[in-house]
Amino acid sequence: MEIKNICCIGAGYVGGPTMSVIADKCPNIQVEVVDLDESRIKKWNDDDLDNLPIYEPGLSEIVARCRGKNLHFSTLIKEKIKTADIIFISVNTPTKKKGLGAGKASDLKYVEACARQVSKYAENHTIIVEKSTLPVKTAEVIKSILEAPQSYENENKKRKSFDVLSNPEFLAEGTAINDLVDPDRILIGGENDKAIEALSNIYNQWVPRNKILHTNIWSSELAKLTANAFLAQRISSINSIGVICEATGADVREVSRAIGLDSRIGSKFLHSGPGFGGSCFKKDILNLVYLSNYFNLPEVANFWESVVHLNTWHQHRISELVVKKLFGTVSNKKISILGFAFKANTNDTRESAAINICKDLIEEGAELIIHDPKVNNREIALALGIESNFSQKKINGNNVSEIEGSWNSCEDFYDSFHNADAALILTEWQEYSNIDWQIASQRMRSPAWVFDSRSIVDPNEVKNANLKLWRIGDGSTL
Ligand code: NAD
Ligand code: UGA
């Protein structure tokens with residue numbers, strides 16, 4: 001089966017970069033990315049590539065090469081479903097907020113809406129690819145919607161048919177383009193060999209055959225949840241060891257290095273930090289917890305849930321520690337927050353550790369000055385659920401103490417140090433590792449602290465600038 005037209009529903013962090021790379025690698029295929037969100041599509045079509053809705057190193061260059069040639073972004077969902085040979089479903093699958101399974105199960109309403117649209121508008125034979133991360137057995141839900149009587153025939157009374165494949169995405173934000181161009185593996189789960197072959201042929205334009213793995217559809221769905229659960233588990237594991245390091249005088253960087261050199265363990269995902277963020281780890285583990293409970297496996301459910309509990313506890317632990325070091329109170333104290341994205345090289349703030357930590361400090365009455373090279377004031381306000389309220393404070397003049405707990409953002413991080421009692425590094429942006437701590441120290445209020453939750457500062461430079469230092473998992477800085 002030759003694929004000439006691809007439609008991807010969902011122009012988000014997965015749909016946008018994934019389709020850009022497919023378009024770049026497969027010049028003979030027309031790639032149509034569609035989304036309900038008009039403003040997002042407008043940004044994808046912006047002439048100024050700095051305004052793309054997603055910041056991802058290397059992405060704008062690909063969009064510049066392919067957009068308008070074989071890569072198109074639009075809201076023409078119906079039209080593009082009609083002409084597609086293959087449809088990728090890349091919509092969001094957040095955790096359900098209410099009803100059955102609330103707080104754990106995935107909310108499949110967007111996926112279901114896509115399946116219904118496809119069932120209505122597709123023509124002839126179409127391959128449906130689950131690109132979103134989905135609970136095991138979702139393909140069955142999609143199939144039953146597609147097989148419903150109304151989808152037997154199209155408007156011209158021609159019979160239509162479908163194949164459903166699972167093809168989870170393993171890219172990480174910040175390295176998405178590299179992950180897509182040179183993936184560790186491509187996973188395709190399904191039953192129909194012809195459909196599997198058609199999808200494999202697309203990837204095989206740039207990915208060697210031996211990296212394209214075929215499994216049954218349920219293994220593919222479960223492997224995606226499992227991969228994220230294993231990665232997140234490593235982070236909770238090393239963060240828990242970091243706390244022991246702080247209590248005993250050990251250093252988590254040394255412990256990580258020592259265990260990572262064991263080839264059975266490996267060195268990746270052993271960096272202790274402020275706790276994992278991002279839109280997927282927590283959601284996907286909770287999904288696994290829901291699945292385990294559903295199959296009456298409470299011990300398995302508890303095992304995975306503890307990974308999330310440890311992470312949340314760890315985030316709050318960091319804000320508590322800052323308060324303790326600042327003599328037990330941060331009320332009306334200025335704190336410079338360096339980084340708000342959940343990791344470096346992305347503008348994504350979903351589930352960022354910065355959210356819980358900043359909220360705690362605001363609750364304690366601190367005045368935060370937040371800097372992030374890629375996250376703007378509006379996005380911070382949305383993530384915190386709190387408007388920036390410095391201007392209000394200024395209007396109130398002397399009554400500052402009446403409005404305890406506030407935040408504002410700044411463009412130049414050196415501005416955040418003025419009269420600050422502490423600087424707290426939450427995201428490992430490269431520019432924070434080059435901070436001139438002598439300059440920072442002159443601007444800060446003594447005794448001032450640097451809290452480095454990402455291990456990116458040079459401890460000697462900080463100490464030589466007469467600043468007190470706390471590093472994650474470093475028993476010697478306590
Ligand atoms: P996202 O929120 O950035 O994008 C999803 C897009 O789908 C949104 O723009 C939304 O408007 C659109 N959408 C929702 N319903 C629609 C509909 N019926 N028709 C048209 N458009 C619709 O989400 P994301 O981060 O790209 O994640 C998508 C999926 O991929 C999730 O299941 C996620 O778990 C998975 N995933 C994400 C990553 C990542 O790094 N973000 C990596 C691997 C897998
Ligand atoms: C993660 C996985 O790495 C991807 O394979 C997967 O496709 C994706 O989730 C998904 O399904 O959404 P992502 O969340 O984009 O990718 O980024 P990661 O690099 O995994 O980082 C996640 C969080 O863990 C970040 O907050 C990061 O700072 C933190 N982290 C990561 C650590 O604290 N220590 C580490 O050693 C590694």
# chains A, B, ... in the order shown; residues from 1 in each chain; ligands from 1
>>> closest_atom_pairs(of="chain A", to="ligand 1", cutoff="7 Å", atoms="only C-alpha atoms and all ligand atoms", output="JSON lines")
{"residue": "A:Ile9", "atom": "CA", "partner": "ligand 1", "partner_atom_place_in_ligand_line": "20 (C)", "distance": 5.1}
{"residue": "A:Gly10", "atom": "CA", "partner": "ligand 1", "partner_atom_place_in_ligand_line": "7 (O)", "distance": 3.5}
{"residue": "A:Ala11", "atom": "CA", "partner": "ligand 1", "partner_atom_place_in_ligand_line": "9 (O)", "distance": 4.9}
{"residue": "A:Gly12", "atom": "CA", "partner": "ligand 1", "partner_atom_place_in_ligand_line": "4 (O)", "distance": 3.3}
{"residue": "A:Tyr13", "atom": "CA", "partner": "ligand 1", "partner_atom_place_in_ligand_line": "26 (O)", "distance": 3.7}
{"residue": "A:Val14", "atom": "CA", "partner": "ligand 1", "partner_atom_place_in_ligand_line": "26 (O)", "distance": 3.8}
{"residue": "A:Gly15", "atom": "CA", "partner": "ligand 1", "partner_atom_place_in_ligand_line": "26 (O)", "distance": 5.6}
{"residue": "A:Val34", "atom": "CA", "partner": "ligand 1", "partner_atom_place_in_ligand_line": "20 (C)", "distance": 6.1}
{"residue": "A:Asp35", "atom": "CA", "partner": "ligand 1", "partner_atom_place_in_ligand_line": "21 (N)", "distance": 3.7}
{"residue": "A:Leu36", "atom": "CA", "partner": "ligand 1", "partner_atom_place_in_ligand_line": "20 (C)", "distance": 4.4}
{"residue": "A:Asp37", "atom": "CA", "partner": "ligand 1", "partner_atom_place_in_ligand_line": "11 (O)", "distance": 4.7}
{"residue": "A:Arg40", "atom": "CA", "partner": "ligand 1", "partner_atom_place_in_ligand_line": "9 (O)", "distance": 6.6}
{"residue": "A:Ile77", "atom": "CA", "partner": "ligand 1", "partner_atom_place_in_ligand_line": "20 (C)", "distance": 6.9}
{"residue": "A:Ser90", "atom": "CA", "partner": "ligand 1", "partner_atom_place_in_ligand_line": "28 (C)", "distance": 4.9}
{"residue": "A:Val91", "atom": "CA", "partner": "ligand 1", "partner_atom_place_in_ligand_line": "7 (O)", "distance": 3.6}
{"residue": "A:Asn92", "atom": "CA", "partner": "ligand 1", "partner_atom_place_in_ligand_line": "28 (C)", "distance": 4.2}
{"residue": "A:Thr93", "atom": "CA", "partner": "ligand 1", "partner_atom_place_in_ligand_line": "32 (O)", "distance": 4.4}
{"residue": "A:Tyr110", "atom": "CA", "partner": "ligand 1", "partner_atom_place_in_ligand_line": "15 (N)", "distance": 4.4}
{"residue": "A:Val111", "atom": "CA", "partner": "ligand 1", "partner_atom_place_in_ligand_line": "18 (N)", "distance": 6.7}
{"residue": "A:Ala113", "atom": "CA", "partner": "ligand 1", "partner_atom_place_in_ligand_line": "18 (N)", "distance": 4.9}
{"residue": "A:Cys114", "atom": "CA", "partner": "ligand 1", "partner_atom_place_in_ligand_line": "18 (N)", "distance": 4.6}
{"residue": "A:Lys131", "atom": "CA", "partner": "ligand 1", "partner_atom_place_in_ligand_line": "30 (O)", "distance": 6.3}
{"residue": "A:Ser132", "atom": "CA", "partner": "ligand 1", "partner_atom_place_in_ligand_line": "32 (O)", "distance": 3.5}
{"residue": "A:Thr133", "atom": "CA", "partner": "ligand 1", "partner_atom_place_in_ligand_line": "32 (O)", "distance": 3.9}
{"residue": "A:Leu134", "atom": "CA", "partner": "ligand 1", "partner_atom_place_in_ligand_line": "32 (O)", "distance": 6.3}
{"residue": "A:Pro168", "atom": "CA", "partner": "ligand 1", "partner_atom_place_in_ligand_line": "44 (C)", "distance": 6.7}
{"residue": "A:Glu169", "atom": "CA", "partner": "ligand 1", "partner_atom_place_in_ligand_line": "43 (C)", "distance": 4.6}
{"residue": "A:Phe170", "atom": "CA", "partner": "ligand 1", "partner_atom_place_in_ligand_line": "43 (C)", "distance": 5.0}
{"residue": "A:Leu171", "atom": "CA", "partner": "ligand 1", "partner_atom_place_in_ligand_line": "42 (C)", "distance": 5.2}
{"residue": "A:Ala172", "atom": "CA", "partner": "ligand 1", "partner_atom_place_in_ligand_line": "40 (O)", "distance": 5.0}
{"residue": "A:Glu173", "atom": "CA", "partner": "ligand 1", "partner_atom_place_in_ligand_line": "40 (O)", "distance": 4.9}
{"residue": "A:Ser279", "atom": "CA", "partner": "ligand 1", "partner_atom_place_in_ligand_line": "41 (N)", "distance": 6.2}
{"residue": "A:Cys280", "atom": "CA", "partner": "ligand 1", "partner_atom_place_in_ligand_line": "34 (O)", "distance": 5.2}
>>> residues_near_ligand(ligand="ligand 2", cutoff="8 Å", atoms="only C-alpha atoms and all ligand atoms", output="PyMOL selection string")
chain A and resi 133+169-174+176+224-225+227-228+231-232+234-235+268-281+284+342-344+352-353+427-428
>>> residues_around(residues="A:Ala139", least_positions_apart="5", cutoff="12 Å", atoms="only C-alpha atoms", output="PyMOL selection string")
chain A and resi 89+108+111-112+115+128-134+144-147+162-167+189-191+216-222
>>> write_last_selection(atoms="N, CA, C and O atoms", output="compact mmCIF listing (two decimals), in the first residue's frame")
# COMPACT_ATOMS: atom_id res chain seq x y z
N ILE A 89 -3.32 9.92 15.21
CA ILE A 89 -4.05 10.62 16.27
C ILE A 89 -3.02 11.04 17.32
O ILE A 89 -2.41 10.20 17.99
N LEU A 108 -10.17 10.01 27.73
CA LEU A 108 -10.06 9.66 26.31
C LEU A 108 -11.04 10.44 25.44
O LEU A 108 -11.27 10.09 24.28
N VAL A 111 -9.55 11.58 22.12
CA VAL A 111 -9.28 10.46 21.22
C VAL A 111 -10.59 9.94 20.64
O VAL A 111 -10.71 9.69 19.43
N GLU A 112 -11.59 9.85 21.50
CA GLU A 112 -12.90 9.37 21.02
C GLU A 112 -13.47 10.34 19.98
O GLU A 112 -13.99 9.91 18.94
N ALA A 115 -11.84 9.65 16.74
CA ALA A 115 -12.31 8.41 16.12
C ALA A 115 -13.66 8.66 15.45
O ALA A 115 -13.93 8.18 14.34
N ILE A 128 -5.43 3.96 10.75
CA ILE A 128 -5.47 4.87 11.89
C ILE A 128 -4.32 4.50 12.81
O ILE A 128 -4.19 3.34 13.21
N VAL A 129 -3.52 5.51 13.16
CA VAL A 129 -2.35 5.25 14.00
C VAL A 129 -2.51 5.96 15.34
O VAL A 129 -2.65 7.19 15.38
N GLU A 130 -2.47 5.19 16.42
CA GLU A 130 -2.48 5.80 17.75
C GLU A 130 -1.07 6.33 18.03
O GLU A 130 -0.16 5.54 18.25
N LYS A 131 -0.91 7.65 18.00
CA LYS A 131 0.38 8.25 18.33
C LYS A 131 0.35 8.74 19.77
O LYS A 131 1.35 8.73 20.47
N SER A 132 -0.84 9.17 20.20
CA SER A 132 -1.00 9.59 21.61
C SER A 132 -0.67 8.40 22.51
O SER A 132 -0.78 7.24 22.09
N THR A 133 -0.29 8.70 23.75
CA THR A 133 -0.07 7.63 24.73
C THR A 133 -1.42 7.23 25.31
O THR A 133 -2.13 8.07 25.85
N LEU A 134 -1.74 5.95 25.20
CA LEU A 134 -3.10 5.52 25.53
C LEU A 134 -3.10 4.33 26.47
O LEU A 134 -2.16 3.53 26.47
N SER A 144 -14.11 -0.12 17.72
CA SER A 144 -15.56 -0.29 17.80
C SER A 144 -16.29 0.96 17.33
O SER A 144 -17.37 0.86 16.76
N ILE A 145 -15.67 2.13 17.49
CA ILE A 145 -16.30 3.35 16.94
C ILE A 145 -16.23 3.30 15.41
O ILE A 145 -17.20 3.59 14.71
N LEU A 146 -15.07 2.88 14.90
CA LEU A 146 -14.91 2.84 13.44
C LEU A 146 -15.80 1.78 12.79
O LEU A 146 -16.20 1.92 11.63
N GLU A 147 -16.08 0.73 13.55
CA GLU A 147 -16.89 -0.35 12.97
C GLU A 147 -18.39 -0.14 13.16
O GLU A 147 -19.20 -0.96 12.74
N PHE A 162 -11.01 0.21 7.77
CA PHE A 162 -9.95 0.78 8.61
C PHE A 162 -9.03 -0.30 9.16
O PHE A 162 -9.46 -1.43 9.38
N ASP A 163 -7.79 0.10 9.40
CA ASP A 163 -6.88 -0.70 10.22
C ASP A 163 -6.43 0.21 11.35
O ASP A 163 -6.19 1.41 11.12
N VAL A 164 -6.28 -0.35 12.56
CA VAL A 164 -5.81 0.48 13.68
C VAL A 164 -4.44 -0.05 14.12
O VAL A 164 -4.27 -1.25 14.37
N LEU A 165 -3.47 0.85 14.20
CA LEU A 165 -2.13 0.49 14.67
C LEU A 165 -1.76 1.33 15.88
O LEU A 165 -2.23 2.46 16.02
N SER A 166 -0.91 0.78 16.73
CA SER A 166 -0.37 1.56 17.83
C SER A 166 1.08 1.90 17.48
O SER A 166 1.85 1.02 17.10
N ASN A 167 1.42 3.17 17.55
CA ASN A 167 2.79 3.59 17.22
C ASN A 167 3.19 4.70 18.19
O ASN A 167 3.26 5.87 17.85
N GLY A 189 2.59 -1.60 16.83
CA GLY A 189 1.76 -2.73 17.25
C GLY A 189 0.54 -2.82 16.36
O GLY A 189 -0.07 -1.81 16.03
N GLY A 190 0.21 -4.04 15.97
CA GLY A 190 -0.98 -4.19 15.12
C GLY A 190 -1.18 -5.61 14.67
O GLY A 190 -0.39 -6.50 15.02
N GLU A 191 -2.23 -5.81 13.91
CA GLU A 191 -2.58 -7.16 13.46
C GLU A 191 -2.39 -7.36 11.96
O GLU A 191 -2.03 -8.43 11.51
N ASN A 216 2.39 -7.12 19.16
CA ASN A 216 0.94 -7.05 19.10
C ASN A 216 0.50 -5.70 19.67
O ASN A 216 1.28 -5.00 20.34
N ILE A 217 -0.72 -5.33 19.39
CA ILE A 217 -1.15 -3.95 19.68
C ILE A 217 -1.15 -3.65 21.18
O ILE A 217 -0.80 -2.55 21.62
N TRP A 218 -1.48 -4.66 22.01
CA TRP A 218 -1.56 -4.41 23.46
C TRP A 218 -0.15 -4.26 24.05
O TRP A 218 0.06 -3.45 24.96
N SER A 219 0.80 -5.04 23.53
CA SER A 219 2.19 -4.91 24.03
C SER A 219 2.71 -3.51 23.71
O SER A 219 3.42 -2.90 24.51
N SER A 220 2.36 -3.03 22.52
CA SER A 220 2.84 -1.71 22.11
C SER A 220 2.28 -0.64 23.04
O SER A 220 3.02 0.22 23.54
N GLU A 221 0.99 -0.69 23.31
CA GLU A 221 0.38 0.30 24.22
C GLU A 221 1.00 0.21 25.61
O GLU A 221 1.33 1.23 26.22
N LEU A 222 1.20 -1.01 26.10
CA LEU A 222 1.74 -1.17 27.46
C LEU A 222 3.22 -0.79 27.52
O LEU A 222 3.68 -0.23 28.52
>>> residues_around(residues="A:Ala105", least_positions_apart="3", cutoff="7 Å", atoms="only C-alpha atoms", output="list in words")
Thr95, Lys96, Gly101, Ala102, Leu286, Asn287 and Tyr290 of chain A
>>> write_last_selection(atoms="all heavy atoms", output="PDB file, in the first residue's frame")
ATOM      1  N   THR A  95      -5.053  13.315  32.458  1.00  0.00           N
ATOM      2  CA  THR A  95      -5.680  12.506  33.498  1.00  0.00           C
ATOM      3  C   THR A  95      -7.112  13.018  33.718  1.00  0.00           C
ATOM      4  O   THR A  95      -7.349  14.224  33.711  1.00  0.00           O
ATOM      5  CB  THR A  95      -4.871  12.640  34.816  1.00  0.00           C
ATOM      6  OG1 THR A  95      -3.521  12.275  34.528  1.00  0.00           O
ATOM      7  CG2 THR A  95      -5.419  11.737  35.900  1.00  0.00           C
ATOM      8  N   LYS A  96      -8.034  12.086  33.896  1.00  0.00           N
ATOM      9  CA  LYS A  96      -9.444  12.466  34.106  1.00  0.00           C
ATOM     10  C   LYS A  96      -9.594  13.291  35.377  1.00  0.00           C
ATOM     11  O   LYS A  96      -9.017  12.945  36.408  1.00  0.00           O
ATOM     12  CB  LYS A  96     -10.289  11.193  34.274  1.00  0.00           C
ATOM     13  CG  LYS A  96     -11.040  10.789  33.039  1.00  0.00           C
ATOM     14  CD  LYS A  96     -11.900   9.581  33.303  1.00  0.00           C
ATOM     15  CE  LYS A  96     -13.361   9.959  33.338  1.00  0.00           C
ATOM     16  NZ  LYS A  96     -14.235   8.769  33.421  1.00  0.00           N
ATOM     17  N   GLY A 101     -12.655   6.843  37.741  1.00  0.00           N
ATOM     18  CA  GLY A 101     -11.205   6.850  37.493  1.00  0.00           C
ATOM     19  C   GLY A 101     -10.572   8.230  37.637  1.00  0.00           C
ATOM     20  O   GLY A 101      -9.409   8.426  37.264  1.00  0.00           O
ATOM     21  N   ALA A 102     -11.319   9.211  38.188  1.00  0.00           N
ATOM     22  CA  ALA A 102     -10.786  10.576  38.318  1.00  0.00           C
ATOM     23  C   ALA A 102      -9.455  10.569  39.056  1.00  0.00           C
ATOM     24  O   ALA A 102      -9.278   9.836  40.024  1.00  0.00           O
ATOM     25  CB  ALA A 102     -11.792  11.450  39.057  1.00  0.00           C
ATOM     26  N   LEU A 286       0.119   7.148  36.660  1.00  0.00           N
ATOM     27  CA  LEU A 286      -1.212   7.052  37.278  1.00  0.00           C
ATOM     28  C   LEU A 286      -2.130   6.162  36.440  1.00  0.00           C
ATOM     29  O   LEU A 286      -2.982   5.442  36.959  1.00  0.00           O
ATOM     30  CB  LEU A 286      -1.813   8.444  37.471  1.00  0.00           C
ATOM     31  CG  LEU A 286      -1.088   9.291  38.533  1.00  0.00           C
ATOM     32  CD1 LEU A 286      -1.677  10.692  38.622  1.00  0.00           C
ATOM     33  CD2 LEU A 286      -1.134   8.622  39.912  1.00  0.00           C
ATOM     34  N   ASN A 287      -1.913   6.200  35.155  1.00  0.00           N
ATOM     35  CA  ASN A 287      -2.656   5.341  34.242  1.00  0.00           C
ATOM     36  C   ASN A 287      -2.364   3.858  34.525  1.00  0.00           C
ATOM     37  O   ASN A 287      -3.259   3.013  34.558  1.00  0.00           O
ATOM     38  CB  ASN A 287      -2.166   5.682  32.838  1.00  0.00           C
ATOM     39  CG  ASN A 287      -3.212   5.449  31.811  1.00  0.00           C
ATOM     40  OD1 ASN A 287      -4.066   4.595  31.990  1.00  0.00           O
ATOM     41  ND2 ASN A 287      -3.146   6.199  30.734  1.00  0.00           N
ATOM     42  N   TYR A 290      -4.038   2.911  37.685  1.00  0.00           N
ATOM     43  CA  TYR A 290      -5.472   2.670  37.443  1.00  0.00           C
ATOM     44  C   TYR A 290      -5.677   1.277  36.839  1.00  0.00           C
ATOM     45  O   TYR A 290      -6.530   0.506  37.264  1.00  0.00           O
ATOM     46  CB  TYR A 290      -6.018   3.747  36.501  1.00  0.00           C
ATOM     47  CG  TYR A 290      -7.480   3.569  36.188  1.00  0.00           C
ATOM     48  CD1 TYR A 290      -8.457   3.880  37.138  1.00  0.00           C
ATOM     49  CD2 TYR A 290      -7.895   3.066  34.963  1.00  0.00           C
ATOM     50  CE1 TYR A 290      -9.803   3.698  36.872  1.00  0.00           C
ATOM     51  CE2 TYR A 290      -9.242   2.874  34.685  1.00  0.00           C
ATOM     52  CZ  TYR A 290     -10.186   3.194  35.646  1.00  0.00           C
ATOM     53  OH  TYR A 290     -11.515   3.006  35.379  1.00  0.00           O
TER      54      TYR A 290
END
>>> select_by_dssp(residues="stretch 97-333 of chain A", states="helix (DSSP H, G or I)", output="ChimeraX atom specification")
/A:109-121,138-146,149-151,176-181,193-203,209-211,217-248,252-260,281-294,298-325
>>> residues_around(residues="A:Pro208", least_positions_apart="3", cutoff="12 Å", atoms="only C-alpha atoms", output="MDAnalysis selection string")
chainID A and resid 181:186 200:205 211:213
>>> atom_distance(atom1="atom CA of A:Arg253", atom2="atom CA of A:Ile472")
9.1 Å
>>> residues_around(residues="stretch 297-314 of chain A", least_positions_apart="2", cutoff="7 Å", atoms="only C-alpha atoms", output="PyMOL selection string")
chain A and resi 233+236+275-276+282+285-286+289+292-293+295+316-318
>>> residues_around(residues="A:Ile244", least_positions_apart="3", cutoff="12 Å", atoms="only C-alpha atoms", output="PyMOL selection string")
chain A and resi 237-241+247-252+255+272+472-475
>>> closest_residue(among="A:Asn466, A:Asn377, A:Ser39, A:Gln117", to="A:Ser441", atoms="only C-alpha atoms")
A:Asn466
>>> decode(residues="stretch 216-299 of chain A", atoms="C-alpha atoms", output="CSV table (one decimal), in the first residue's frame")
chain,number,residue,atom,x,y,z
A,216,ASN,CA,0.9,-7.1,19.1
A,217,ILE,CA,-1.2,-4.0,19.7
A,218,TRP,CA,-1.6,-4.4,23.5
A,219,SER,CA,2.2,-4.9,24.0
A,220,SER,CA,2.8,-1.7,22.1
A,221,GLU,CA,0.4,0.3,24.2
A,222,LEU,CA,1.7,-1.2,27.5
A,223,ALA,CA,5.4,-0.7,26.4
A,224,LYS,CA,4.9,3.0,26.1
A,225,LEU,CA,3.4,3.3,29.7
A,226,THR,CA,6.1,1.0,31.0
A,227,ALA,CA,9.0,3.0,29.4
A,228,ASN,CA,7.8,6.2,31.0
A,229,ALA,CA,7.2,4.5,34.4
A,230,PHE,CA,10.7,3.0,34.4
A,231,LEU,CA,12.3,6.4,33.5
A,232,ALA,CA,10.3,8.2,36.2
A,233,GLN,CA,11.1,5.5,38.7
A,234,ARG,CA,14.8,6.0,38.2
A,235,ILE,CA,14.4,9.7,39.0
A,236,SER,CA,12.4,9.1,42.2
A,237,SER,CA,15.0,6.4,43.1
A,238,ILE,CA,18.0,8.8,42.8
A,239,ASN,CA,16.1,11.7,44.4
A,240,SER,CA,15.4,9.5,47.4
A,241,ILE,CA,19.1,8.6,47.6
A,242,GLY,CA,19.9,12.3,47.3
A,243,VAL,CA,18.0,12.9,50.5
A,244,ILE,CA,20.0,10.2,52.3
A,245,CYS,CA,23.2,11.9,50.9
A,246,GLU,CA,22.1,15.2,52.5
A,247,ALA,CA,21.6,13.4,55.8
A,248,THR,CA,24.9,11.5,55.8
A,249,GLY,CA,27.4,13.8,54.1
A,250,ALA,CA,27.5,11.8,50.9
A,251,ASP,CA,27.2,13.4,47.5
A,252,VAL,CA,24.5,12.2,45.1
A,253,ARG,CA,26.6,13.1,42.0
A,254,GLU,CA,29.3,10.7,43.2
A,255,VAL,CA,26.8,8.0,44.0
A,256,SER,CA,25.2,8.4,40.6
A,257,ARG,CA,28.5,8.2,38.8
A,258,ALA,CA,29.5,5.1,40.8
A,259,ILE,CA,26.3,3.2,40.1
A,260,GLY,CA,25.9,4.5,36.6
A,261,LEU,CA,29.2,2.9,35.6
A,262,ASP,CA,27.7,-0.5,36.2
A,263,SER,CA,26.6,-1.4,32.7
A,264,ARG,CA,23.6,-3.2,34.0
A,265,ILE,CA,22.4,0.1,35.5
A,266,GLY,CA,23.7,2.7,33.0
A,267,SER,CA,24.3,6.4,33.5
A,268,LYS,CA,21.2,8.0,32.1
A,269,PHE,CA,18.3,9.3,34.2
A,270,LEU,CA,20.3,9.3,37.3
A,271,HIS,CA,20.4,13.1,37.8
A,272,SER,CA,18.9,14.2,41.0
A,273,GLY,CA,16.8,17.3,40.5
A,274,PRO,CA,13.8,19.1,41.9
A,275,GLY,CA,11.5,16.2,40.9
A,276,PHE,CA,10.3,15.2,37.5
A,277,GLY,CA,7.9,17.3,35.6
A,278,GLY,CA,6.4,17.3,32.1
A,279,SER,CA,3.0,16.4,30.9
A,280,CYS,CA,3.5,12.6,30.8
A,281,PHE,CA,5.4,10.9,33.6
A,282,LYS,CA,2.9,11.5,36.3
A,283,LYS,CA,-0.1,10.9,34.0
A,284,ASP,CA,1.3,7.7,32.5
A,285,ILE,CA,2.2,6.2,35.9
A,286,LEU,CA,-1.2,7.1,37.3
A,287,ASN,CA,-2.7,5.3,34.2
A,288,LEU,CA,-0.6,2.2,35.1
A,289,VAL,CA,-1.9,2.5,38.7
A,290,TYR,CA,-5.5,2.7,37.4
A,291,LEU,CA,-4.9,-0.3,35.2
A,292,SER,CA,-3.4,-2.4,38.1
A,293,ASN,CA,-6.3,-1.5,40.4
A,294,TYR,CA,-8.8,-2.3,37.6
A,295,PHE,CA,-7.3,-5.8,37.4
A,296,ASN,CA,-7.3,-6.1,41.2
A,297,LEU,CA,-3.6,-5.9,41.6
A,298,PRO,CA,-3.2,-3.5,44.6
A,299,GLU,CA,0.4,-4.4,45.4
